[in-house]
Every structure is written in C-alpha cells, then in structure tokens.
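Q: Coordinates in query-v8.cif, mmCIF, C-alpha atoms, are listed below.
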data_structure
loop_
_atom_site.group_PDB
_atom_site.id
_atom_site.type_symbol
_atom_site.label_atom_id
_atom_site.label_comp_id
_atom_site.auth_asym_id
_atom_site.auth_seq_id
_atom_site.Cartn_x
_atom_site.Cartn_y
_atom_site.Cartn_z
ATOM 1 C CA MET A 1 123.525 78.466 3.718
ATOM 2 C CA GLU A 2 121.116 81.357 3.299
ATOM 3 C CA ASP A 3 118.015 81.811 5.458
ATOM 4 C CA GLY A 4 115.198 79.520 4.368
ATOM 5 C CA GLU A 5 117.436 77.006 2.630
ATOM 6 C CA LEU A 6 117.449 73.375 3.752
ATOM 7 C CA ASP A 7 120.591 71.311 4.204
ATOM 8 C CA VAL A 8 119.643 68.431 1.917
ATOM 9 C CA ARG A 9 121.953 65.399 1.967
ATOM 10 C CA ARG A 10 122.200 63.193 -1.074
ATOM 11 C CA TRP A 11 121.983 59.391 -0.983
ATOM 12 C CA GLU A 12 125.533 59.084 -2.260
ATOM 13 C CA ASP A 13 126.787 61.170 0.693
ATOM 14 C CA LEU A 14 125.751 58.550 3.248
ATOM 15 C CA ASP A 15 128.648 56.887 5.055
ATOM 16 C CA ILE A 16 129.425 53.479 3.491
ATOM 17 C CA ASP A 17 130.004 51.798 6.851
ATOM 18 C CA ILE A 18 126.552 52.874 8.014
ATOM 19 C CA LEU A 19 125.015 51.593 4.775
ATOM 20 C CA VAL A 20 126.738 48.240 5.226
ATOM 21 C CA MET A 21 125.364 47.965 8.764
ATOM 22 C CA ILE A 22 121.862 48.665 7.442
ATOM 23 C CA PHE A 23 122.236 46.194 4.582
ATOM 24 C CA GLN A 24 123.342 43.503 7.030
ATOM 25 C CA THR A 25 119.771 43.453 8.362
ATOM 26 C CA PHE A 26 118.391 42.629 4.891
ATOM 27 C CA ASP A 27 117.479 39.137 3.671
ATOM 28 C CA ILE A 28 118.567 37.853 0.270
ATOM 29 C CA VAL A 29 115.432 39.065 -1.512
ATOM 30 C CA GLN A 30 115.956 42.587 -0.188
ATOM 31 C CA LEU A 31 119.670 42.535 -1.015
ATOM 32 C CA THR A 32 118.942 41.580 -4.623
ATOM 33 C CA SER A 33 115.998 43.939 -5.131
ATOM 34 C CA GLY A 34 118.048 46.717 -6.726
ATOM 35 C CA ILE A 35 119.834 48.479 -3.874
ATOM 36 C CA GLY A 36 123.097 48.193 -5.803
ATOM 37 C CA GLN A 37 121.642 50.330 -8.575
ATOM 38 C CA VAL A 38 120.617 53.342 -6.486
ATOM 39 C CA CYS A 39 123.978 55.084 -6.814
ATOM 40 C CA SER A 40 127.701 54.375 -6.799
ATOM 41 C CA THR A 41 127.951 54.626 -2.997
ATOM 42 C CA TRP A 42 125.139 52.150 -2.471
ATOM 43 C CA ARG A 43 126.765 49.859 -5.034
ATOM 44 C CA LEU A 44 130.043 49.888 -3.085
ATOM 45 C CA ALA A 45 128.189 49.158 0.144
ATOM 46 C CA ALA A 46 126.152 46.367 -1.467
ATOM 47 C CA CYS A 47 129.385 44.667 -2.561
ATOM 48 C CA ASP A 48 131.032 44.818 0.854
ATOM 49 C CA PRO A 49 132.495 41.392 1.840
ATOM 50 C CA LEU A 50 130.774 41.612 5.242
ATOM 51 C CA LEU A 51 127.438 41.085 3.473
ATOM 52 C CA TRP A 52 128.585 38.071 1.503
ATOM 53 C CA LYS A 53 130.308 35.652 3.836
ATOM 54 C CA MET A 54 127.123 33.611 3.572
ATOM 55 C CA LEU A 55 124.551 33.327 0.780
ATOM 56 C CA ASP A 56 121.421 32.005 2.479
ATOM 57 C CA LEU A 57 118.822 30.955 -0.089
ATOM 58 C CA SER A 58 116.818 28.911 2.410
ATOM 59 C CA MET A 59 113.844 31.244 2.073
ATOM 60 C CA LEU A 60 113.497 30.284 -1.603
ATOM 61 C CA LYS A 61 111.475 27.151 -2.404
ATOM 62 C CA SER A 62 110.412 25.738 -5.743
ATOM 63 C CA ASN A 63 106.797 25.521 -6.854
ATOM 64 C CA PHE A 64 106.649 21.960 -8.137
ATOM 65 C CA ILE A 65 104.483 18.934 -8.785
ATOM 66 C CA LYS A 66 105.491 15.294 -8.657
ATOM 67 C CA ILE A 67 105.653 13.436 -11.978
ATOM 68 C CA PRO A 68 106.180 9.697 -12.709
ATOM 69 C CA LEU A 69 109.309 10.118 -14.867
ATOM 70 C CA GLU A 70 112.781 11.515 -14.164
ATOM 71 C CA PRO A 71 113.512 13.914 -12.579
ATOM 72 C CA TYR A 72 110.206 13.047 -10.853
ATOM 73 C CA VAL A 73 109.328 16.703 -10.357
ATOM 74 C CA TYR A 74 108.105 19.425 -12.672
ATOM 75 C CA VAL A 75 109.260 22.846 -11.502
ATOM 76 C CA ASP A 76 107.217 25.915 -12.325
ATOM 77 C CA GLY A 77 109.171 28.195 -14.680
ATOM 78 C CA ARG A 78 108.627 31.228 -12.465
ATOM 79 C CA SER A 79 110.439 29.487 -9.606
ATOM 80 C CA ASP A 80 113.399 28.812 -11.857
ATOM 81 C CA ARG A 81 113.500 32.369 -13.138
ATOM 82 C CA THR A 82 113.335 33.787 -9.607
ATOM 83 C CA LEU A 83 116.220 31.579 -8.446
ATOM 84 C CA THR A 84 118.320 32.386 -11.508
ATOM 85 C CA ARG A 85 117.736 36.124 -11.048
ATOM 86 C CA VAL A 86 118.608 36.054 -7.339
ATOM 87 C CA LEU A 87 121.696 33.916 -7.979
ATOM 88 C CA LYS A 88 122.999 36.191 -10.724
ATOM 89 C CA ILE A 89 122.553 39.394 -8.747
ATOM 90 C CA ALA A 90 123.859 37.958 -5.457
ATOM 91 C CA LEU A 91 126.887 36.274 -7.011
ATOM 92 C CA ASN A 92 127.718 39.419 -8.957
ATOM 93 C CA LEU A 93 127.562 41.565 -5.819
ATOM 94 C CA SER A 94 129.491 39.021 -3.731
ATOM 95 C CA ARG A 95 132.614 39.202 -5.919
ATOM 96 C CA GLY A 96 133.742 35.697 -4.973
ATOM 97 C CA ASN A 97 133.629 36.251 -1.203
ATOM 98 C CA ILE A 98 130.951 33.679 -0.292
ATOM 99 C CA LEU A 99 132.168 31.061 2.185
ATOM 100 C CA THR A 100 128.797 29.456 3.026
ATOM 101 C CA LEU A 101 126.054 28.617 0.516
ATOM 102 C CA ILE A 102 122.678 27.417 1.827
ATOM 103 C CA PHE A 103 119.858 26.049 -0.320
ATOM 104 C CA HIS A 104 116.409 25.065 0.952
ATOM 105 C CA TYR A 105 115.999 21.275 1.026
ATOM 106 C CA ASN A 106 112.922 21.700 -1.193
ATOM 107 C CA LEU A 107 114.617 23.882 -3.807
ATOM 108 C CA TYR A 108 115.047 22.023 -7.090
ATOM 109 C CA VAL A 109 118.255 23.458 -8.506
ATOM 110 C CA SER A 110 119.410 22.619 -12.029
ATOM 111 C CA ASP A 111 122.921 21.632 -13.113
ATOM 112 C CA ASP A 112 123.384 25.017 -14.788
ATOM 113 C CA GLN A 113 122.369 26.921 -11.662
ATOM 114 C CA LEU A 114 124.659 24.858 -9.446
ATOM 115 C CA THR A 115 127.600 25.198 -11.821
ATOM 116 C CA TYR A 116 127.002 28.935 -12.112
ATOM 117 C CA ALA A 117 127.158 29.212 -8.319
ATOM 118 C CA ALA A 118 130.288 27.063 -8.112
ATOM 119 C CA GLU A 119 132.149 29.168 -10.651
ATOM 120 C CA ARG A 120 131.441 32.313 -8.644
ATOM 121 C CA CYS A 121 132.040 30.889 -5.165
ATOM 122 C CA PRO A 122 135.599 29.560 -5.518
ATOM 123 C CA ARG A 123 136.353 30.020 -1.805
ATOM 124 C CA LEU A 124 133.322 28.064 -0.566
ATOM 125 C CA LYS A 125 133.833 26.236 2.728
ATOM 126 C CA ARG A 126 130.317 25.121 3.618
ATOM 127 C CA LEU A 127 127.513 23.864 1.359
ATOM 128 C CA VAL A 128 123.945 22.990 2.348
ATOM 129 C CA MET A 129 122.595 21.087 -0.639
ATOM 130 C CA PRO A 130 119.106 21.312 -2.159
ATOM 131 C CA ALA A 131 117.018 18.396 -3.448
ATOM 132 C CA TRP A 132 118.923 16.139 -5.855
ATOM 133 C CA ASN A 133 116.232 15.541 -8.472
ATOM 134 C CA ARG A 134 117.514 17.833 -11.221
ATOM 135 C CA ILE A 135 121.214 17.642 -10.391
ATOM 136 C CA LYS A 136 123.073 15.015 -12.395
ATOM 137 C CA LYS A 137 126.311 13.264 -11.516
ATOM 138 C CA THR A 138 128.254 15.419 -13.979
ATOM 139 C CA GLY A 139 126.809 18.615 -12.492
ATOM 140 C CA ILE A 140 127.660 17.986 -8.850
ATOM 141 C CA CYS A 141 131.084 16.533 -9.689
ATOM 142 C CA LYS A 142 131.936 19.568 -11.797
ATOM 143 C CA ALA A 143 130.938 21.837 -8.911
ATOM 144 C CA VAL A 144 132.915 19.869 -6.311
ATOM 145 C CA ARG A 145 136.069 20.134 -8.429
ATOM 146 C CA MET A 146 135.837 23.926 -8.136
ATOM 147 C CA TRP A 147 135.391 23.859 -4.356
ATOM 148 C CA LYS A 148 138.908 22.946 -3.270
ATOM 149 C CA ASP A 149 138.382 24.581 0.146
ATOM 150 C CA LEU A 150 135.101 22.789 0.955
ATOM 151 C CA GLU A 151 135.057 21.689 4.593
ATOM 152 C CA SER A 152 131.406 21.019 5.391
ATOM 153 C CA LEU A 153 128.475 19.486 3.487
ATOM 154 C CA THR A 154 124.830 18.961 4.389
ATOM 155 C CA MET A 155 123.162 16.703 1.856
ATOM 156 C CA PRO A 156 119.874 14.889 1.288
ATOM 157 C CA SER A 157 119.930 11.152 0.700
ATOM 158 C CA ILE A 158 121.484 9.909 -2.520
ATOM 159 C CA ALA A 159 120.992 6.550 -4.226
ATOM 160 C CA ASN A 160 124.616 6.099 -5.302
ATOM 161 C CA PRO A 161 126.927 7.821 -2.795
ATOM 162 C CA PRO A 162 130.406 6.544 -3.807
ATOM 163 C CA TYR A 163 130.898 8.839 -6.805
ATOM 164 C CA LEU A 164 130.229 11.978 -4.760
ATOM 165 C CA MET A 165 132.309 10.897 -1.782
ATOM 166 C CA GLU A 166 135.148 9.927 -4.113
ATOM 167 C CA GLU A 167 135.006 13.327 -5.818
ATOM 168 C CA ILE A 168 135.083 15.095 -2.457
ATOM 169 C CA GLY A 169 137.935 12.899 -1.262
ATOM 170 C CA LYS A 170 140.021 13.697 -4.346
ATOM 171 C CA ASN A 171 139.364 17.440 -4.508
ATOM 172 C CA CYS A 172 138.511 18.737 -1.036
ATOM 173 C CA LYS A 173 141.497 18.031 1.182
ATOM 174 C CA LYS A 174 140.119 20.084 4.102
ATOM 175 C CA PHE A 175 136.755 18.277 4.150
ATOM 176 C CA SER A 176 135.852 17.341 7.733
ATOM 177 C CA GLU A 177 132.097 17.758 8.410
ATOM 178 C CA LEU A 178 129.130 15.908 6.911
ATOM 179 C CA LYS A 179 125.417 15.857 7.615
ATOM 180 C CA ILE A 180 123.234 13.326 5.805
ATOM 181 C CA MET A 181 119.490 13.982 5.715
ATOM 182 C CA GLY A 182 118.590 10.468 4.654
ATOM 183 C CA PRO A 183 119.197 6.748 5.274
ATOM 184 C CA CYS A 184 122.637 5.423 6.130
ATOM 185 C CA ASP A 185 123.123 1.780 5.207
ATOM 186 C CA ILE A 186 126.228 -0.408 4.926
ATOM 187 C CA PHE A 187 126.847 0.768 1.355
ATOM 188 C CA PHE A 188 126.829 4.425 2.371
ATOM 189 C CA ALA A 189 128.908 3.867 5.506
ATOM 190 C CA SER A 190 131.524 1.938 3.537
ATOM 191 C CA SER A 191 131.709 4.777 0.992
ATOM 192 C CA LEU A 192 132.443 7.293 3.750
ATOM 193 C CA VAL A 193 135.164 5.130 5.272
ATOM 194 C CA THR A 194 136.763 4.530 1.871
ATOM 195 C CA PHE A 195 136.697 8.024 0.386
ATOM 196 C CA VAL A 196 136.483 10.519 3.287
ATOM 197 C CA PRO A 197 138.296 8.685 6.104
ATOM 198 C CA ASN A 198 139.380 11.928 7.784
ATOM 199 C CA LEU A 199 135.866 13.038 8.729
ATOM 200 C CA LYS A 200 135.787 14.671 12.147
ATOM 201 C CA VAL A 201 132.084 15.512 12.490
ATOM 202 C CA LEU A 202 129.163 13.406 11.227
ATOM 203 C CA SER A 203 125.424 13.891 11.780
ATOM 204 C CA LEU A 204 122.863 11.259 10.783
ATOM 205 C CA ARG A 205 119.992 12.567 12.911
ATOM 206 C CA CYS A 206 116.351 11.711 12.143
ATOM 207 C CA SER A 207 117.168 8.957 9.636
ATOM 208 C CA ILE A 208 117.192 5.204 9.212
ATOM 209 C CA LEU A 209 120.523 3.925 10.476
ATOM 210 C CA VAL A 210 121.550 0.297 10.052
ATOM 211 C CA ARG A 211 123.372 -0.982 13.154
ATOM 212 C CA ASP A 212 126.105 -2.685 11.112
ATOM 213 C CA ALA A 213 126.629 0.586 9.216
ATOM 214 C CA LEU A 214 127.104 2.381 12.530
ATOM 215 C CA ILE A 215 129.767 -0.151 13.521
ATOM 216 C CA ILE A 216 131.537 0.355 10.171
ATOM 217 C CA LEU A 217 131.612 4.106 10.793
ATOM 218 C CA LEU A 218 132.906 3.773 14.344
ATOM 219 C CA ASP A 219 135.595 1.318 13.288
ATOM 220 C CA GLY A 220 136.612 2.972 10.029
ATOM 221 C CA LEU A 221 136.504 6.721 10.706
ATOM 222 C CA GLN A 222 139.494 6.909 13.009
ATOM 223 C CA GLN A 223 139.614 10.735 12.992
ATOM 224 C CA LEU A 224 135.947 11.074 13.960
ATOM 225 C CA GLU A 225 135.388 13.279 17.010
ATOM 226 C CA VAL A 226 131.648 14.017 16.956
ATOM 227 C CA LEU A 227 128.836 11.667 15.889
ATOM 228 C CA ASN A 228 125.160 12.626 16.110
ATOM 229 C CA ILE A 229 122.598 9.835 15.764
ATOM 230 C CA SER A 230 119.833 11.606 17.681
ATOM 231 C CA HIS A 231 116.267 10.521 16.823
ATOM 232 C CA CYS A 232 117.509 7.864 14.379
ATOM 233 C CA LEU A 233 115.544 4.721 13.624
ATOM 234 C CA LEU A 234 118.270 2.190 14.430
ATOM 235 C CA ILE A 235 117.618 -1.162 12.773
ATOM 236 C CA GLU A 236 119.225 -4.567 12.563
ATOM 237 C CA VAL A 237 119.199 -6.329 9.203
ATOM 238 C CA PRO A 238 119.687 -10.063 9.850
ATOM 239 C CA THR A 239 120.221 -12.705 7.205
ATOM 240 C CA PRO A 240 117.002 -13.309 5.209
ATOM 241 C CA PRO A 241 114.352 -14.512 5.624
ATOM 242 C CA ALA A 242 114.525 -13.014 9.125
ATOM 243 C CA PRO A 243 112.791 -9.603 9.164
ATOM 244 C CA LYS A 244 114.391 -6.268 9.973
ATOM 245 C CA LYS A 245 114.261 -5.351 13.611
ATOM 246 C CA VAL A 246 114.084 -1.925 15.258
ATOM 247 C CA VAL A 247 116.671 -1.541 18.021
ATOM 248 C CA SER A 248 115.176 0.030 21.129
ATOM 249 C CA GLN A 249 118.426 1.000 22.813
ATOM 250 C CA ILE A 250 122.131 1.270 22.030
ATOM 251 C CA ASP A 251 124.024 -1.838 23.092
ATOM 252 C CA GLU A 252 127.302 -2.091 24.995
ATOM 253 C CA LEU A 253 129.402 -2.921 21.916
ATOM 254 C CA ILE A 254 128.440 0.342 20.192
ATOM 255 C CA LEU A 255 128.877 2.341 23.399
ATOM 256 C CA GLN A 256 132.331 0.878 23.851
ATOM 257 C CA LYS A 257 133.360 1.698 20.274
ATOM 258 C CA ALA A 258 131.944 5.214 20.616
ATOM 259 C CA SER A 259 133.725 5.871 23.903
ATOM 260 C CA ARG A 260 136.785 7.244 22.061
ATOM 261 C CA LEU A 261 134.675 10.074 20.560
ATOM 262 C CA ARG A 262 134.712 13.539 22.067
ATOM 263 C CA ASN A 263 130.925 13.710 21.688
ATOM 264 C CA PHE A 264 128.520 10.858 20.892
ATOM 265 C CA ILE A 265 125.038 12.411 20.672
ATOM 266 C CA THR A 266 122.073 10.056 20.974
ATOM 267 C CA CYS A 267 118.362 10.171 21.667
ATOM 268 C CA MET A 268 116.106 7.114 21.468
ATOM 269 C CA ASN A 269 113.435 8.258 23.875
ATOM 270 C CA GLN A 270 109.855 7.082 23.451
ATOM 271 C CA SER A 271 108.621 10.418 24.789
ATOM 272 C CA CYS A 272 110.811 12.545 22.476
ATOM 273 C CA ILE A 273 108.719 14.293 19.815
ATOM 274 C CA MET A 274 111.470 14.098 17.171
ATOM 275 C CA CYS A 275 112.009 10.381 17.851
ATOM 276 C CA GLN A 276 108.256 9.852 17.490
ATOM 277 C CA ARG A 277 108.241 11.729 14.181
ATOM 278 C CA THR A 278 111.116 9.663 12.797
ATOM 279 C CA ARG A 279 109.319 6.453 13.772
ATOM 280 C CA ASN A 280 105.997 7.654 12.355
ATOM 281 C CA ASP A 281 107.704 8.579 9.062
ATOM 282 C CA GLU A 282 109.484 5.194 9.028
ATOM 283 C CA GLY A 283 112.932 6.788 9.137
ATOM 284 C CA LEU A 284 112.375 9.018 6.099
ATOM 285 C CA ILE A 285 111.242 12.134 7.896
ATOM 286 C CA ARG A 286 108.925 14.358 5.872
ATOM 287 C CA TRP A 287 110.102 17.791 6.871
ATOM 288 C CA TYR A 288 107.319 19.586 4.995
ATOM 289 C CA LYS A 289 104.796 18.284 7.540
ATOM 290 C CA TYR A 290 106.441 20.035 10.454
ATOM 291 C CA GLU A 291 107.589 23.494 11.552
ATOM 292 C CA GLU A 292 109.074 25.480 8.666
ATOM 293 C CA GLU A 293 112.552 25.914 10.168
ATOM 294 C CA LEU A 294 112.798 22.462 11.757
ATOM 295 C CA TRP A 295 114.999 20.978 9.020
ATOM 296 C CA LYS A 296 117.712 23.492 9.934
ATOM 297 C CA VAL A 297 118.118 22.166 13.472
ATOM 298 C CA ASP A 298 121.078 20.041 14.550
ATOM 299 C CA GLU A 299 122.450 19.118 17.942
ATOM 300 C CA VAL A 300 125.914 19.769 16.510
ATOM 301 C CA LYS A 301 126.275 23.552 16.618
ATOM 302 C CA SER A 302 128.523 23.802 13.551
ATOM 303 C CA LEU A 303 125.931 21.982 11.416
ATOM 304 C CA ALA A 304 122.863 23.931 12.556
ATOM 305 C CA ILE A 305 121.637 26.680 10.227
#
Hey, can you dump this file as structure tokens for me?
A:
Amino acid sequence: MEDGELDVRRWEDLDIDILVMIFQTFDIVQLTSGIGQVCSTWRLAACDPLLWKMLDLSMLKSNFIKIPLEPYVYVDGRSDRTLTRVLKIALNLSRGNILTLIFHYNLYVSDDQLTYAAERCPRLKRLVMPAWNRIKKTGICKAVRMWKDLESLTMPSIANPPYLMEEIGKNCKKFSELKIMGPCDIFFASSLVTFVPNLKVLSLRCSILVRDALIILLDGLQQLEVLNISHCLLIEVPTPPAPKKVVSQIDELILQKASRLRNFITCMNQSCIMCQRTRNDEGLIRWYKYEEELWKVDEVKSLAI
C-alpha cells in the first residue's frame, strides 16, 4: 500500500461466522429486509441454519375488524401482503431448516399461507398456531400431513377438535406436547384420549376446564407426565336443570389420580392475578386486554415462548 492510500475492506470480505453472529441479533423483520441481497457473502450468512432453527412471527399481528359472517373477521390487505412477503423471504432463506414456527395468536393466517409454510418447513417439530378464523379443515389437515416430525402444538380453542387430533394421531408419531388456549370440555378431553393417547405434556392454563373432562384426561392419558391447569376456571356440570358450579379447590379424587404424574401444576388462589383475570373473563381470557407478551407465558418451560 502506498503512502496516503486507505486499506478499504469490502462487504463481501467480512467473515461469514461474524456475520451470522450479527444476524442472530436481528428480529424477523430485520432478517427479511434485504440483507440477503447485499452481496453473495451476506446471502450465505443469511441462509445459515443457525438463524433458522426457529421462525418467530409473533411480532406480526393482523389489522382486522370483526364481521357478522364467516370467517367473522375482515383482514386488511396490507397485513396479508406483509405476512406473505415475510413468509416467502424467510422460508426461502431458511432452506427447510426451521424446527419451530411461532405465529401470534391474533394473526389471521389463510389456508394458502399455512400450506406454503408447511411445504417449506418439512422438519417442523413445534408449532404455535395463530387464530383459526381463516384456516379451514382442509388447510390444517393438509399442513399436518406434511409435518411428520411434529412433537409440540400450541393451539387456540377449536369448535370441532376430533378431526385435528385424529390427523395428528395418524401422521405425527412423535407428538407428545399440547397446549390448548381455550375451553376443555368432555368432548375435547375424549378426543385427546382417543386420538393422541401418548401425550406426555399438556397445558390447559387460563381456560374453562370441566371437572369430568379433567378426570377423563387423568384416566385416559396413561403416558402423561406433566399437566398444567394453573389459573383454570374449574367447573362442575351436573345433570340439568341444576346449574353449573365453579369448583373452589381441587378435591381428593383428582389429587389421587394426579399423584402418578411427575408434575401436576395448579393454582386456584383468590389472590392470584391470573386466576382473577380468568374468572373475570369467564374462562375465555381476553389476552389483548393485558400485557403484550403475557400470552406467551407457561409454567411448563418447554411450552413457554
């Protein structure tokens, strides 16, 4: 180098490992903002498997309004276009390496978007589902059939659970963890026992839980090791015309049946803020009213986000 000349390094001369470490600090919006188009070196770094073990879309929410007809929401077109763009770029960069896929509970994904993700995440092990409204039976079943390695699912409530549980039972032989963000009645509990009897971890926190459904789960899920019913609104449903009754504490029969579990997590404390919120929301907790990240919390470490 002659006097007066500067030693100028080019972007493409940066060490790939250093670039990957930098990119690991980026969120999904930053990762899909064009860094893979800077140069060939940046493209290689942006495709590194270390960046794509998890695709966390929980920072993306739909702009929507409620409507009286199916799917009961109207989603602003810009929200859809943003999600489609992020999905396409992220799934292209990931090269099939994504093991965990997380959607925001208030993200209204379409069948096409879900199927597109399923086709490009063939190794998926954990799925955190978005709102159901725009996802049809055919869409979710088609996706599940592609996820042979699926082990863990977090899902909102669903009106007709057997078809999904049956699809998971037939196609996902390693499936062992489930979190339900919605009511669990006898119908739902019976579906779990019938179609996914090998469940090892189940979380029903902050939901309506029918006592008889809880007994069905404890009796029928013989492989169950961990059960979380923290902050649930536990109710008894007697023969009509007797009214439903809120159970104030867990009785000896349930405690005895749960004694075989490695971890039975409960909280029915009048002074607990989360228990109060579940009661105030009548067992259908309205997450949008509370802290932004609260819906991600779970007492079971493997199900927390």
Q: Could you expand the PyMOL selection byres ((chain A and resi 276) around 12) into the explicit residues it covers here, written as a short mmCIF file (atom, residue, chain, number, x, y, z; two decimals) with C-alpha atoms, in the coordinates of the input?
A:
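So out.cif came out as:
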data_model
loop_
_atom_site.label_atom_id
_atom_site.label_comp_id
_atom_site.auth_asym_id
_atom_site.auth_seq_id
_atom_site.Cartn_x
_atom_site.Cartn_y
_atom_site.Cartn_z
CA CYS A 206 116.35 11.71 12.14
CA SER A 207 117.17 8.96 9.64
CA SER A 230 119.83 11.61 17.68
CA HIS A 231 116.27 10.52 16.82
CA CYS A 232 117.51 7.86 14.38
CA LEU A 233 115.54 4.72 13.62
CA CYS A 267 118.36 10.17 21.67
CA MET A 268 116.11 7.11 21.47
CA ASN A 269 113.44 8.26 23.88
CA GLN A 270 109.86 7.08 23.45
CA SER A 271 108.62 10.42 24.79
CA CYS A 272 110.81 12.54 22.48
CA ILE A 273 108.72 14.29 19.82
CA MET A 274 111.47 14.10 17.17
CA CYS A 275 112.01 10.38 17.85
CA ARG A 277 108.24 11.73 14.18
CA THR A 278 111.12 9.66 12.80
CA ARG A 279 109.32 6.45 13.77
CA ASN A 280 106.00 7.65 12.36
CA ASP A 281 107.70 8.58 9.06
CA GLU A 282 109.48 5.19 9.03
CA GLY A 283 112.93 6.79 9.14
CA ILE A 285 111.24 12.13 7.90
#
Q: Applied to the shown file, which residues does the PyMOL selection byres ((chain A and resi 109-121) around 6) return, written as JSON, numbers by chain?
A: {"A": [96, 98, 107, 108, 122, 123, 124, 134, 135, 139, 143]}
Q: Rounded to one decimal place, report the CA of Leu93 (chain A)-CA of Gly36 (chain A) distance in Å.
A: 8.0 Å
Q: Identify, on the basis of all atoms listed in the file, every residue whose closest approach to Asp80 (chain A) does not exceed 9 Å; exclude the query and any residue fewer than 3 positions from it along the same chain; express the result as a list in words.
A: Ser62, Asn63, Val75, Asp76, Gly77, Leu83, Thr84, Arg85, Tyr108, Val109 and Ser110 of chain A
Q: Report, in Å to a single decimal, how far apart CA of Val246 (chain A) and CA of Arg286 (chain A) are.
A: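 Result for CA of Arg286 (chain A) versus CA of Val246 (chain A): 19.5 Å, one decimal.
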Q: Expand the PyMOL selection byres ((chain A and resi 60) around 12) into the explicit residue set it covers here, and present it as a PyMOL selection string.
A: chain A and resi 27-29+55-59+61-63+78-87+102-109+130
Q: So, counting only C-alpha atoms, which residue among A:Leu209, A:Val20, A:Leu221, A:Leu214 is closest to Ile235 (chain A)?
A: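 Once distances to Ile235 (chain A) are computed over only C-alpha atoms, the minimum belongs to A:Leu209.
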Q: Counting all atoms listed in the file, I want the residues whose atoms come within 6 Å of (126.4, 23.0, 2.9) in the file frame, returned as an NGL selection string.
A: :A and (102 or 126-129 or 152-154)
Q: Could the residues in this selection be written to a file with C-alpha atoms, as a tab-separated table (two decimals), in the coordinates of the input?
A:
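Output below, filename part_32.tsv:
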chain	number	residue	atom	x	y	z
A	102	ILE	CA	122.68	27.42	1.83
A	126	ARG	CA	130.32	25.12	3.62
A	127	LEU	CA	127.51	23.86	1.36
A	128	VAL	CA	123.94	22.99	2.35
A	129	MET	CA	122.60	21.09	-0.64
A	152	SER	CA	131.41	21.02	5.39
A	153	LEU	CA	128.48	19.49	3.49
A	154	THR	CA	124.83	18.96	4.39
Q: For the atom pair CA of Glu177 (chain A) and CA of Ile216 (chain A), what is the interatomic distance in Å to one decimal place?
A: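 CA of Glu177 (chain A) sits 17.5 Å away from CA of Ile216 (chain A).
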Q: Here is a test: counting only C-alpha atoms, which residue of A:Met181, A:Ala90, A:Ile168, A:Leu51 is nearest to Phe26 (chain A)?
A: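 Of A:Met181, A:Ala90, A:Ile168, A:Leu51, the one nearest Phe26 (chain A) is A:Leu51, counting only C-alpha atoms.
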Q: Could you tell me which of A:Pro241, A:Ala213, A:Arg260, A:Asp219 comes closest to Phe188 (chain A) if we count all atoms listed in the file?
A: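 Residue with the minimum atom-to-atom distance to Phe188 (chain A): A:Ala213.
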Q: Which residues, written as a ChimeraX atom specification, have at least one atom at most 10 Å from Ala304 (chain A), with all atoms listed in the file counted and residues fewer than 3 positions away on the same chain left out?
A: /A:154,179,295-301
Q: Go through A:Lys88, A:Lys125, A:Lys136, A:Arg262 and flag the residue nearest Lys174 (chain A), using only C-alpha atoms for the distances.
A: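 Closest to Lys174 (chain A) of all the choices is A:Lys125.
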Q: Find the residues near Asp15 (chain A): any atom within 12 Å, counting all atoms listed in the file, skip ones fewer than 6 places away on the same chain, and give them as a list in words.
A: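 That gives Arg9, Met21, Ile22, Thr41, Trp42, Leu44 and Ala45 of chain A.
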Q: Which residue gives the smallest distance to Asn160 (chain A) among A:Val38, A:Cys184, A:Val193, A:Met146, with all atoms listed in the file counted?
A: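 Ranked by minimum distance to Asn160 (chain A), first place goes to A:Cys184.
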Q: Which one of A:Gln24, A:Asn133, A:Ser94, A:Ser40 sits closest to Ile67 (chain A) if you count only C-alpha atoms?
A: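 Comparing A:Gln24, A:Asn133, A:Ser94, A:Ser40 against Ile67 (chain A), the winner is A:Asn133.
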Q: Determine the axis-aligned bounding box of all atoms of region 164-179 of chain A present in the file, pad each side by 3 Å, and express its centre and edge lengths in Å to one decimal place as AutoDock Vina command-line options.
A:
--center_x 133.5 --center_y 15.0 --center_z 1.3 --size_x 22.1 --size_y 16.2 --size_z 20.2
Q: Could you name the residues that touch Met165 (chain A) at 9 Å or less, counting all atoms listed in the file, but leaving out those on the same chain fewer than 2 positions away, as a list in words?
A: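 Everything that qualifies: Pro161, Pro162, Tyr163, Glu167, Ile168, Gly169, Lys170, Ser191, Leu192, Thr194, Phe195 and Val196 of chain A.
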